[in-house]
file structure-v6.cif (mmCIF, C-alpha atoms and all ligand atoms)
data_upload
#
loop_
_atom_site.label_atom_id
_atom_site.label_comp_id
_atom_site.auth_asym_id
_atom_site.auth_seq_id
_atom_site.Cartn_x
_atom_site.Cartn_y
_atom_site.Cartn_z
CA MET A 1 -45.61 51.19 12.23
CA PHE A 2 -45.40 54.89 13.15
CA LYS A 3 -46.71 57.49 10.75
CA GLN A 4 -43.83 59.66 9.53
CA LYS A 5 -43.92 63.06 11.18
CA VAL A 6 -41.34 65.85 11.42
CA PHE A 7 -40.64 67.95 14.53
CA SER A 8 -37.94 70.52 15.19
CA GLY A 9 -37.31 73.49 17.44
CA VAL A 10 -35.30 76.71 17.50
CA GLN A 11 -34.52 78.72 20.63
CA PRO A 12 -35.52 82.39 20.81
CA THR A 13 -32.17 83.53 22.14
CA GLY A 14 -30.79 86.32 20.01
CA ASN A 15 -29.52 86.63 16.48
CA LEU A 16 -30.74 84.03 14.01
CA HIS A 17 -27.87 83.41 11.64
CA LEU A 18 -26.80 81.62 8.49
CA GLY A 19 -25.99 78.45 10.50
CA ASN A 20 -29.55 78.26 11.80
CA TYR A 21 -30.84 78.78 8.27
CA LEU A 22 -28.63 76.31 6.40
CA GLY A 23 -28.37 73.72 9.20
CA ALA A 24 -32.03 73.76 10.18
CA ILE A 25 -34.69 76.14 8.84
CA LYS A 26 -33.93 75.56 5.13
CA LYS A 27 -34.46 71.82 5.76
CA PHE A 28 -37.69 72.56 7.62
CA VAL A 29 -38.97 74.28 4.49
CA GLU A 30 -38.03 71.39 2.17
CA LEU A 31 -39.62 68.73 4.40
CA GLN A 32 -43.03 70.40 4.15
CA LYS A 33 -43.43 68.88 0.69
CA SER A 34 -43.15 65.30 1.90
CA HIS A 35 -44.23 65.28 5.57
CA ASP A 36 -46.59 66.65 8.21
CA CYS A 37 -44.36 69.09 10.09
CA ILE A 38 -44.43 70.71 13.52
CA TYR A 39 -42.02 73.61 14.08
CA CYS A 40 -41.65 75.02 17.56
CA VAL A 41 -40.10 78.14 19.06
CA VAL A 42 -38.67 76.61 22.23
CA ASP A 43 -39.04 79.40 24.77
CA MET A 44 -38.86 76.93 27.68
CA HIS A 45 -35.44 75.79 26.48
CA ALA A 46 -34.38 79.42 26.18
CA ILE A 47 -34.86 80.14 29.90
CA THR A 48 -32.40 77.39 30.91
CA VAL A 49 -30.03 80.37 30.78
CA TRP A 50 -31.23 83.79 31.92
CA GLN A 51 -33.47 85.65 29.44
CA ASP A 52 -34.67 89.18 30.03
CA PRO A 53 -38.49 88.91 30.26
CA ALA A 54 -38.77 92.22 28.42
CA GLU A 55 -36.80 90.76 25.48
CA LEU A 56 -38.09 87.19 25.24
CA PRO A 57 -41.42 87.95 23.48
CA ARG A 58 -39.59 89.91 20.79
CA ALA A 59 -37.13 87.05 20.25
CA THR A 60 -39.98 84.52 20.09
CA ARG A 61 -41.76 86.61 17.45
CA GLU A 62 -38.52 87.03 15.52
CA VAL A 63 -37.96 83.27 15.21
CA THR A 64 -41.60 82.84 14.18
CA SER A 65 -41.13 85.55 11.55
CA ALA A 66 -38.02 83.79 10.27
CA PHE A 67 -39.91 80.51 9.91
CA ILE A 68 -42.60 82.20 7.84
CA ALA A 69 -40.19 84.41 5.86
CA CYS A 70 -38.12 81.35 4.90
CA GLY A 71 -41.23 79.66 3.51
CA ILE A 72 -42.84 77.64 6.29
CA ASP A 73 -46.61 77.53 5.82
CA PRO A 74 -48.24 77.79 9.27
CA LYS A 75 -51.66 76.85 7.87
CA LYS A 76 -50.64 73.56 6.25
CA HIS A 77 -48.22 72.69 9.06
CA ILE A 78 -47.96 73.70 12.74
CA VAL A 79 -45.94 76.65 14.06
CA PHE A 80 -46.18 77.53 17.77
CA ASN A 81 -44.23 78.38 20.92
CA GLN A 82 -43.49 75.60 23.35
CA SER A 83 -44.80 77.18 26.57
CA GLN A 84 -48.36 77.34 25.18
CA VAL A 85 -48.61 73.53 25.09
CA SER A 86 -48.47 72.00 28.56
CA GLY A 87 -47.71 68.48 27.31
CA HIS A 88 -44.03 69.37 26.78
CA ALA A 89 -43.44 70.04 30.48
CA GLU A 90 -45.61 67.12 31.59
CA LEU A 91 -43.81 64.58 29.44
CA ALA A 92 -40.43 66.11 30.34
CA TRP A 93 -41.14 65.31 34.01
CA ILE A 94 -41.81 61.67 33.18
CA PHE A 95 -38.62 61.59 31.10
CA ASN A 96 -36.70 63.09 34.04
CA CYS A 97 -37.62 59.84 35.75
CA VAL A 98 -36.69 57.66 32.76
CA ALA A 99 -33.33 59.20 31.76
CA ARG A 100 -30.29 58.32 33.88
CA MET A 101 -27.84 60.77 35.47
CA GLY A 102 -25.03 58.94 33.70
CA TRP A 103 -26.57 59.71 30.31
CA LEU A 104 -26.92 63.42 31.03
CA ASN A 105 -23.41 63.59 32.48
CA ARG A 106 -22.07 62.78 29.01
CA MET A 107 -23.75 65.71 27.25
CA THR A 108 -21.06 67.93 25.76
CA GLN A 109 -23.38 70.91 25.26
CA PHE A 110 -24.09 71.06 29.00
CA LYS A 111 -20.36 70.98 29.73
CA GLU A 112 -19.74 73.79 27.23
CA LYS A 113 -22.63 75.98 28.37
CA ALA A 114 -22.13 75.43 32.09
CA GLY A 115 -18.41 76.09 31.74
CA LYS A 116 -16.19 76.06 34.83
CA ASP A 117 -18.89 77.23 37.22
CA ARG A 118 -21.04 74.10 36.94
CA GLU A 119 -22.39 74.40 40.49
CA ASN A 120 -24.07 77.61 39.44
CA ALA A 121 -25.74 76.30 36.25
CA SER A 122 -29.53 75.97 36.37
CA VAL A 123 -30.99 72.50 36.90
CA GLY A 124 -32.99 73.20 33.72
CA LEU A 125 -29.79 73.43 31.70
CA TYR A 126 -28.81 69.98 32.96
CA VAL A 127 -32.13 68.30 32.08
CA TYR A 128 -32.51 70.31 28.85
CA PRO A 129 -32.12 67.15 26.69
CA ASN A 130 -35.03 65.47 28.50
CA LEU A 131 -37.29 68.39 27.58
CA MET A 132 -36.03 68.12 24.01
CA ALA A 133 -36.97 64.41 23.94
CA ALA A 134 -40.41 65.37 25.27
CA ASP A 135 -40.84 68.02 22.54
CA ILE A 136 -40.35 65.39 19.86
CA LEU A 137 -42.09 62.45 21.48
CA VAL A 138 -45.20 64.25 22.71
CA TYR A 139 -46.09 64.24 18.99
CA ARG A 140 -44.53 60.81 18.43
CA ALA A 141 -42.49 62.48 15.68
CA THR A 142 -40.22 60.20 13.66
CA HIS A 143 -37.84 62.63 11.89
CA VAL A 144 -35.95 65.59 13.33
CA PRO A 145 -34.01 68.01 11.08
CA VAL A 146 -31.20 69.68 13.07
CA GLY A 147 -27.65 70.92 12.74
CA ASP A 148 -24.73 68.66 13.62
CA ASP A 149 -24.43 70.10 17.16
CA GLN A 150 -27.72 68.44 18.16
CA LYS A 151 -26.69 64.90 17.22
CA GLN A 152 -25.86 63.83 20.76
CA HIS A 153 -29.16 65.18 22.08
CA LEU A 154 -31.05 63.22 19.43
CA GLU A 155 -29.24 60.04 20.44
CA LEU A 156 -30.36 60.68 24.01
CA SER A 157 -33.95 61.11 22.79
CA ARG A 158 -33.73 57.70 21.17
CA ASP A 159 -32.35 56.18 24.38
CA ILE A 160 -35.21 57.70 26.38
CA ALA A 161 -37.84 56.43 23.92
CA GLN A 162 -36.27 52.99 23.99
CA LYS A 163 -36.06 52.82 27.79
CA PHE A 164 -39.67 54.03 28.18
CA ASN A 165 -40.80 51.36 25.71
CA ASN A 166 -38.84 48.69 27.63
CA ASP A 167 -39.66 49.77 31.20
CA PHE A 168 -43.38 50.04 30.49
CA SER A 169 -43.63 47.30 27.89
CA ALA A 170 -46.22 45.22 29.78
CA SER A 171 -48.39 48.27 30.46
CA ILE A 172 -48.04 49.50 26.87
CA GLN A 173 -49.37 46.16 25.64
CA ALA A 174 -52.05 45.95 28.32
CA HIS A 175 -53.39 49.33 27.16
CA GLY A 176 -53.52 48.18 23.57
CA HIS A 177 -50.62 50.23 22.18
CA GLY A 178 -48.79 47.29 20.64
CA GLU A 179 -45.10 46.55 21.15
CA ALA A 180 -43.70 50.07 21.41
CA PHE A 181 -45.37 53.35 22.33
CA PHE A 182 -42.74 55.83 21.18
CA PRO A 183 -40.88 55.77 17.85
CA LEU A 184 -37.09 56.14 17.98
CA PRO A 185 -36.74 59.57 16.34
CA GLU A 186 -34.25 59.82 13.51
CA PRO A 187 -32.00 62.84 13.15
CA LEU A 188 -31.87 64.38 9.66
CA ILE A 189 -28.39 65.90 9.45
CA GLN A 190 -27.39 66.06 5.80
CA GLY A 191 -25.88 68.25 3.13
CA PRO A 192 -22.88 70.57 2.83
CA ALA A 193 -23.69 72.90 5.77
CA THR A 194 -24.64 70.86 8.83
CA ARG A 195 -22.05 72.77 10.84
CA VAL A 196 -21.48 76.33 9.63
CA MET A 197 -18.35 77.80 11.20
CA SER A 198 -17.56 81.33 12.37
CA LEU A 199 -16.40 83.66 9.58
CA ARG A 200 -13.53 84.76 11.86
CA ASP A 201 -12.33 81.35 13.01
CA GLY A 202 -12.80 78.11 11.07
CA ALA A 203 -12.46 76.09 14.29
CA LYS A 204 -15.46 77.71 16.02
CA LYS A 205 -19.16 77.16 15.27
CA MET A 206 -21.12 80.15 13.98
CA SER A 207 -23.19 81.06 17.03
CA LYS A 208 -25.84 83.47 18.27
CA SER A 209 -23.84 84.34 21.35
CA GLU A 210 -20.38 85.08 19.85
CA PRO A 211 -19.60 88.72 20.76
CA SER A 212 -18.17 89.65 17.33
CA ASP A 213 -20.97 90.30 14.84
CA TYR A 214 -18.40 89.76 12.07
CA SER A 215 -18.32 86.07 13.01
CA ARG A 216 -21.82 85.48 11.62
CA ILE A 217 -24.30 86.54 8.96
CA ASN A 218 -27.60 87.37 10.64
CA LEU A 219 -30.81 86.66 8.76
CA THR A 220 -31.72 90.32 9.21
CA ASP A 221 -28.42 91.69 7.81
CA ASP A 222 -28.82 93.96 4.80
CA ALA A 223 -26.90 93.56 1.53
CA ASP A 224 -24.08 95.87 2.66
CA ALA A 225 -23.54 94.02 5.92
CA ILE A 226 -23.57 90.62 4.16
CA ALA A 227 -21.03 91.87 1.60
CA GLN A 228 -18.76 93.37 4.23
CA LYS A 229 -18.78 90.29 6.45
CA ILE A 230 -18.00 87.93 3.57
CA ARG A 231 -15.21 90.20 2.28
CA LYS A 232 -13.66 90.31 5.75
CA ALA A 233 -14.09 86.56 6.34
CA LYS A 234 -10.85 84.84 7.32
CA THR A 235 -9.23 82.80 4.55
CA ASP A 236 -5.78 81.52 3.62
CA PRO A 237 -3.60 82.81 0.77
CA GLU A 238 -3.99 79.81 -1.58
CA PRO A 239 -6.51 79.72 -4.44
CA LEU A 240 -9.46 77.28 -4.13
CA PRO A 241 -8.60 73.62 -4.77
CA SER A 242 -10.34 71.70 -7.54
CA GLU A 243 -11.03 68.61 -5.39
CA GLU A 244 -12.84 68.27 -2.05
CA LYS A 245 -9.80 66.56 -0.53
CA GLY A 246 -7.92 69.82 -0.92
CA LEU A 247 -10.32 71.46 1.59
CA GLU A 248 -9.52 69.09 4.44
CA PRO A 249 -6.62 71.01 5.98
CA ARG A 250 -8.26 74.39 5.21
CA PRO A 251 -11.25 74.90 7.56
CA GLU A 252 -12.00 78.50 6.47
CA ALA A 253 -12.01 77.60 2.77
CA ASP A 254 -14.07 74.50 3.51
CA ASN A 255 -16.62 76.61 5.39
CA LEU A 256 -17.09 79.18 2.59
CA VAL A 257 -17.38 76.44 -0.04
CA GLY A 258 -19.95 74.62 2.13
CA ILE A 259 -21.96 77.83 2.57
CA TYR A 260 -21.89 78.47 -1.17
CA ALA A 261 -22.95 74.87 -1.94
CA ALA A 262 -25.85 74.95 0.55
CA LEU A 263 -27.11 78.34 -0.67
CA ALA A 264 -26.93 77.20 -4.32
CA ASP A 265 -28.40 73.74 -3.58
CA VAL A 266 -25.41 71.95 -5.09
CA THR A 267 -22.57 69.81 -3.65
CA LYS A 268 -19.15 71.08 -2.57
CA ALA A 269 -17.69 69.09 -5.48
CA ASP A 270 -19.94 71.06 -7.87
CA VAL A 271 -18.72 74.36 -6.38
CA LEU A 272 -15.07 73.34 -6.76
CA HIS A 273 -15.70 72.13 -10.27
CA GLU A 274 -16.84 75.66 -11.13
CA HIS A 275 -14.56 77.74 -8.88
CA GLY A 276 -11.48 75.53 -8.38
CA GLY A 277 -8.31 77.56 -8.98
CA ALA A 278 -10.06 80.88 -8.26
CA GLN A 279 -8.55 83.43 -5.88
CA PHE A 280 -10.62 84.18 -2.79
CA SER A 281 -11.27 87.75 -3.97
CA VAL A 282 -13.12 86.34 -6.98
CA PHE A 283 -14.87 83.52 -5.12
CA LYS A 284 -15.97 85.85 -2.33
CA ALA A 285 -17.55 88.22 -4.87
CA ALA A 286 -19.57 85.31 -6.27
CA LEU A 287 -20.55 84.26 -2.74
CA VAL A 288 -21.66 87.80 -1.86
CA GLU A 289 -23.89 87.88 -4.92
CA LEU A 290 -25.43 84.50 -4.12
CA ALA A 291 -25.89 85.24 -0.40
CA VAL A 292 -27.52 88.61 -1.04
CA ALA A 293 -29.86 87.06 -3.63
CA LYS A 294 -30.95 84.28 -1.25
CA LEU A 295 -30.93 86.07 2.12
CA GLY A 296 -31.98 89.59 1.10
CA PRO A 297 -35.65 88.70 0.49
CA ILE A 298 -35.79 86.66 3.73
CA GLY A 299 -34.44 89.55 5.80
CA ALA A 300 -36.87 92.00 4.20
CA GLU A 301 -39.84 89.72 4.83
CA MET A 302 -38.75 89.14 8.45
CA LYS A 303 -38.66 92.89 9.03
CA ARG A 304 -42.14 93.26 7.57
CA LEU A 305 -43.50 90.44 9.76
CA VAL A 306 -41.93 91.53 13.07
CA ALA A 307 -43.62 94.89 12.55
CA ASP A 308 -46.97 93.09 12.89
CA PRO A 309 -46.83 91.33 16.30
CA ALA A 310 -50.60 90.83 16.39
CA TYR A 311 -50.42 88.69 13.27
CA ILE A 312 -47.46 86.68 14.61
CA ASP A 313 -49.23 86.10 17.92
CA SER A 314 -52.30 84.86 16.06
CA VAL A 315 -50.16 82.35 14.15
CA LEU A 316 -48.70 81.10 17.44
CA ALA A 317 -52.12 80.90 19.08
CA ASP A 318 -53.59 78.92 16.19
CA GLY A 319 -50.57 76.57 16.08
CA SER A 320 -50.69 76.05 19.85
CA VAL A 321 -54.34 75.01 19.81
CA ARG A 322 -53.64 72.45 17.09
CA ALA A 323 -50.46 71.19 18.78
CA GLN A 324 -52.23 70.98 22.15
CA ALA A 325 -54.89 68.67 20.68
CA LEU A 326 -52.19 66.26 19.47
CA ALA A 327 -50.19 66.47 22.70
CA VAL A 328 -53.23 65.80 24.89
CA GLU A 329 -53.88 62.58 23.01
CA THR A 330 -50.34 61.35 23.68
CA MET A 331 -50.42 62.47 27.32
CA GLN A 332 -53.66 60.62 28.03
CA ALA A 333 -52.10 57.41 26.75
CA VAL A 334 -48.84 58.08 28.63
CA LYS A 335 -50.71 58.66 31.91
CA ASP A 336 -52.55 55.36 31.49
CA ILE A 337 -49.28 53.58 30.67
CA VAL A 338 -47.46 55.04 33.69
CA GLY A 339 -50.40 54.35 36.01
CA PHE A 340 -51.67 57.85 36.78
CA ILE A 341 -55.40 58.07 37.54
CA ARG A 342 -57.20 60.57 35.31
CA HIS A 343 -60.82 61.57 35.02
P1 LIG B 401 -30.43 76.99 18.31
O1 LIG B 401 -30.14 78.36 17.86
O2 LIG B 401 -29.40 76.45 19.22
O3 LIG B 401 -31.82 76.82 18.83
O4 LIG B 401 -30.35 76.11 17.01
C1 LIG B 401 -31.40 75.98 16.09
C2 LIG B 401 -31.01 75.00 14.99
O5 LIG B 401 -29.93 75.54 14.22
C3 LIG B 401 -30.54 73.63 15.51
O6 LIG B 401 -31.03 72.62 14.66
C4 LIG B 401 -29.05 73.74 15.42
O7 LIG B 401 -28.43 72.48 15.27
C5 LIG B 401 -28.87 74.59 14.18
N1 LIG B 401 -27.59 75.32 14.20
C6 LIG B 401 -27.19 76.22 15.13
N2 LIG B 401 -25.96 76.69 14.84
C7 LIG B 401 -25.57 76.06 13.70
C8 LIG B 401 -24.39 76.13 12.89
N3 LIG B 401 -23.37 76.93 13.19
N4 LIG B 401 -24.35 75.35 11.78
C9 LIG B 401 -25.39 74.52 11.46
N5 LIG B 401 -26.51 74.42 12.18
C10 LIG B 401 -26.61 75.18 13.29
N1 LIG B 402 -31.83 72.00 21.42
C1 LIG B 402 -32.11 72.54 20.12
C2 LIG B 402 -31.05 73.60 19.78
O1 LIG B 402 -30.52 74.26 20.62
C3 LIG B 402 -33.48 73.15 20.03
C4 LIG B 402 -34.54 72.14 20.27
C5 LIG B 402 -35.34 72.03 21.37
C6 LIG B 402 -34.92 71.08 19.40
N2 LIG B 402 -36.19 70.99 21.24
C7 LIG B 402 -35.97 70.39 20.06
C8 LIG B 402 -34.48 70.65 18.16
C9 LIG B 402 -36.56 69.26 19.50
C10 LIG B 402 -35.08 69.52 17.59
C11 LIG B 402 -36.11 68.84 18.27
O2 LIG B 402 -30.77 73.80 18.67
#
call {"tool": "encode", "arguments": {"input": "structure-v6.cif", "output": "structure tokens"}}
result
Amino acid sequence: MFKQKVFSGVQPTGNLHLGNYLGAIKKFVELQKSHDCIYCVVDMHAITVWQDPAELPRATREVTSAFIACGIDPKKHIVFNQSQVSGHAELAWIFNCVARMGWLNRMTQFKEKAGKDRENASVGLYVYPNLMAADILVYRATHVPVGDDQKQHLELSRDIAQKFNNDFSASIQAHGHGEAFFPLPEPLIQGPATRVMSLRDGAKKMSKSEPSDYSRINLTDDADAIAQKIRKAKTDPEPLPSEEKGLEPRPEADNLVGIYAALADVTKADVLHEHGGAQFSVFKAALVELAVAKLGPIGAEMKRLVADPAYIDSVLADGSVRAQALAVETMQAVKDIVGFIRH
């Protein structure tokens, strides 16, 4: 009933890392073959926590450069920054009135980010998932590639779409939009690296904000930095197991095997078939070689692209115009459905 369409977003908030690449951007690239895709640099999400206005444009251009360097084609698909398309904020307001406090109160990411001082968190951080639902649904996108940490937010997006469809069902039909106006977007969370962990602590997610740079591999790291970080990565003293079950109680080993599998486009079982029984010194050397081969060219291309901000800004401008045209169409229908007068 709904045409298949892919949407996803990445926040311009600091160091893009291997988790962003394997959990999200690499999937974005693959989906271009089979779907119409819209990829967004979500600068409005970024400011839910303080961003230095002198830094934000650079971070927005860096994420855009990463998209292109990884292989996203901004001519065939759409690449833009969120704040240039007003439909995101407009639909988010309507969703603020659809979503329930009780739903948002369950969001674990808000609890983590707000920490102990919840009274002092921005209201934007609290309603962040409503804006995320608006991002997806303003294009009536059906499929959303994300890392595992976004699963709960995607479930909330589905709940919002469902409640909108129910609450306004009579009006949706009266305006000739059939039974349901919004699709229930499906998360695409698959493969061996949906949750890449810190290289220093197998219990913590690899993250942009972790103070230790040794916890993550940045997409702009050079070959020496990649090699050093992998060599220093925390492991245990045992050799690699030959079966996946053997990874269960060993989060650091599991993480490195998952990274290897995702970079090589094979399964963890395949990796263990080849490297089972190996000492970490040997396996890490193989992982360094693979990571440098895959990430080196991406980092080099990113550096070349960020040096040309005029080109990046032209990509974002072109993408925004095309996204805006799609969003306006949805918003006109939504305004009719909700009962807003428009000229
Ligand atoms: P963010 O940097 O929070 O905007 O995340 C951008 C995308 O990367 C989202 O789809 C996240 O789910 C994904 N992501 C972030 N960190 C990781 C990680 N450590 N492992 C896998 N995916 C991740
Ligand atoms: N919340 C996502 C993250 O932090 C980013 C995001 C914003 C997003 N809007 C989205 C992801 C819409 C998928 C779809 O990773």
call {"tool": "residues_around", "arguments": {"input": "structure-v6.cif", "residues": "range 44-59 of chain A", "least_positions_apart": "4", "cutoff": "8 Å", "atoms": "all atoms listed in the file", "output": "list of chain:residue names"}}
result
A:Gln11, A:Pro12, A:Thr13, A:Gly14, A:Val63, A:Gln82, A:Ser83, A:Ser122, A:Val123, A:Gly124, A:Leu125, A:Tyr128, A:Leu131
call {"tool": "atom_distance", "arguments": {"input": "structure-v6.cif", "atom1": "CA of Ala327 in chain A", "atom2": "CA of Asp149 in chain A"}}
result
26.6 Å
call {"tool": "residues_around", "arguments": {"input": "structure-v6.cif", "residues": "His35 in chain A", "least_positions_apart": "2", "cutoff": "9 Å", "atoms": "all atoms listed in the file", "output": "JSON, numbers by chain"}}
result
{"A": [4, 5, 6, 31, 32, 33, 37]}
call {"tool": "residues_around", "arguments": {"input": "structure-v6.cif", "residues": "Val288 in chain A", "least_positions_apart": "4", "cutoff": "9 Å", "atoms": "only C-alpha atoms", "output": "ChimeraX atom specification"}}
result
/A:223,226-228,230-231,283-284,292-293
call {"tool": "closest_residue", "arguments": {"input": "structure-v6.cif", "among": "A:Gly147, A:Pro74, A:Gly19, A:Gly9", "to": "ligand LIG 402 (chain B)", "atoms": "all atoms listed in the file"}}
result
A:Gly9
call {"tool": "axis_aligned_box", "arguments": {"input": "structure-v6.cif", "around": "range 186-202 of chain A", "padding_each_side": "6 Å", "output": "lines of an AutoDock Vina configuration file"}}
result
center_x = -23.3
center_y = 72.3
center_z = 8.2
size_x = 33.9
size_y = 36.9
size_z = 22.7
call {"tool": "atom_distance", "arguments": {"input": "structure-v6.cif", "atom1": "CA of Tyr214 in chain A", "atom2": "CA of Ser281 in chain A"}}
result
17.7 Å
call {"tool": "residues_around", "arguments": {"input": "structure-v6.cif", "residues": "Leu272 in chain A", "least_positions_apart": "6", "cutoff": "9 Å", "atoms": "all atoms listed in the file", "output": "JSON, numbers by chain"}}
result
{"A": [240, 241, 242, 243, 244, 257]}
call {"tool": "residues_near_ligand", "arguments": {"input": "structure-v6.cif", "ligand": "ligand LIG 402 (chain B)", "cutoff": "6 Å", "atoms": "all atoms listed in the file", "output": "PyMOL selection string"}}
result
chain A and resi 7-11+42+132+135-136+144+146
call {"tool": "residues_around", "arguments": {"input": "structure-v6.cif", "residues": "Pro145 in chain A", "least_positions_apart": "4", "cutoff": "9 Å", "atoms": "only C-alpha atoms", "output": "list in words"}}
result
Val6, Phe7, Ser8, Gly23, Ala24, Ile25, Lys27, Phe28, Leu31, Glu186, Pro187, Leu188, Ile189 and Gln190 of chain A
call {"tool": "closest_residue", "arguments": {"input": "structure-v6.cif", "among": "A:Glu112, A:Asp117, A:Asp148, A:Glu62", "to": "ligand LIG 401 (chain B)", "atoms": "only C-alpha atoms and all ligand atoms"}}
result
A:Asp148
call {"tool": "closest_atom_pairs", "arguments": {"input": "structure-v6.cif", "of": "range 2-120 of chain A", "to": "range 299-321 of chain A", "cutoff": "10 Å", "atoms": "only C-alpha atoms", "output": "tab-separated table"}}
result
residue	atom	partner	partner_atom	distance
A:Ile38	CA	A:Gly319	CA	8.9
A:Tyr39	CA	A:Gly319	CA	9.3
A:Cys40	CA	A:Gly319	CA	9.2
A:Val41	CA	A:Leu316	CA	9.2
A:Pro57	CA	A:Pro309	CA	9.6
A:Arg58	CA	A:Val306	CA	8.2
A:Ala59	CA	A:Val306	CA	9.7
A:Thr60	CA	A:Ile312	CA	9.5
A:Arg61	CA	A:Ile312	CA	6.4
A:Glu62	CA	A:Val306	CA	6.2
A:Val63	CA	A:Met302	CA	9.0
A:Thr64	CA	A:Ile312	CA	7.0
A:Ser65	CA	A:Met302	CA	5.3
A:Ala66	CA	A:Met302	CA	5.7
A:Phe67	CA	A:Met302	CA	8.8
A:Ile68	CA	A:Met302	CA	8.0
A:Ala69	CA	A:Glu301	CA	5.4
A:Cys70	CA	A:Glu301	CA	8.5
A:Pro74	CA	A:Val315	CA	6.9
A:Lys75	CA	A:Gly319	CA	8.3
A:His77	CA	A:Gly319	CA	8.4
A:Ile78	CA	A:Gly319	CA	5.1
A:Val79	CA	A:Gly319	CA	5.1
A:Phe80	CA	A:Leu316	CA	4.4
A:Asn81	CA	A:Leu316	CA	6.3
A:Gln82	CA	A:Ser320	CA	8.0
A:Ser83	CA	A:Ser320	CA	9.0
A:Gln84	CA	A:Ser320	CA	6.0
A:Val85	CA	A:Ser320	CA	6.2
A:Ser86	CA	A:Ser320	CA	9.9
call {"tool": "atom_distance", "arguments": {"input": "structure-v6.cif", "atom1": "CA of Ser171 in chain A", "atom2": "CA of Leu156 in chain A"}}
result
22.8 Å
call {"tool": "closest_residue", "arguments": {"input": "structure-v6.cif", "among": "A:Lys113, A:His88, A:Arg118, A:Lys245", "to": "ligand LIG 401 (chain B)", "atoms": "all atoms listed in the file"}}
result
A:Lys113
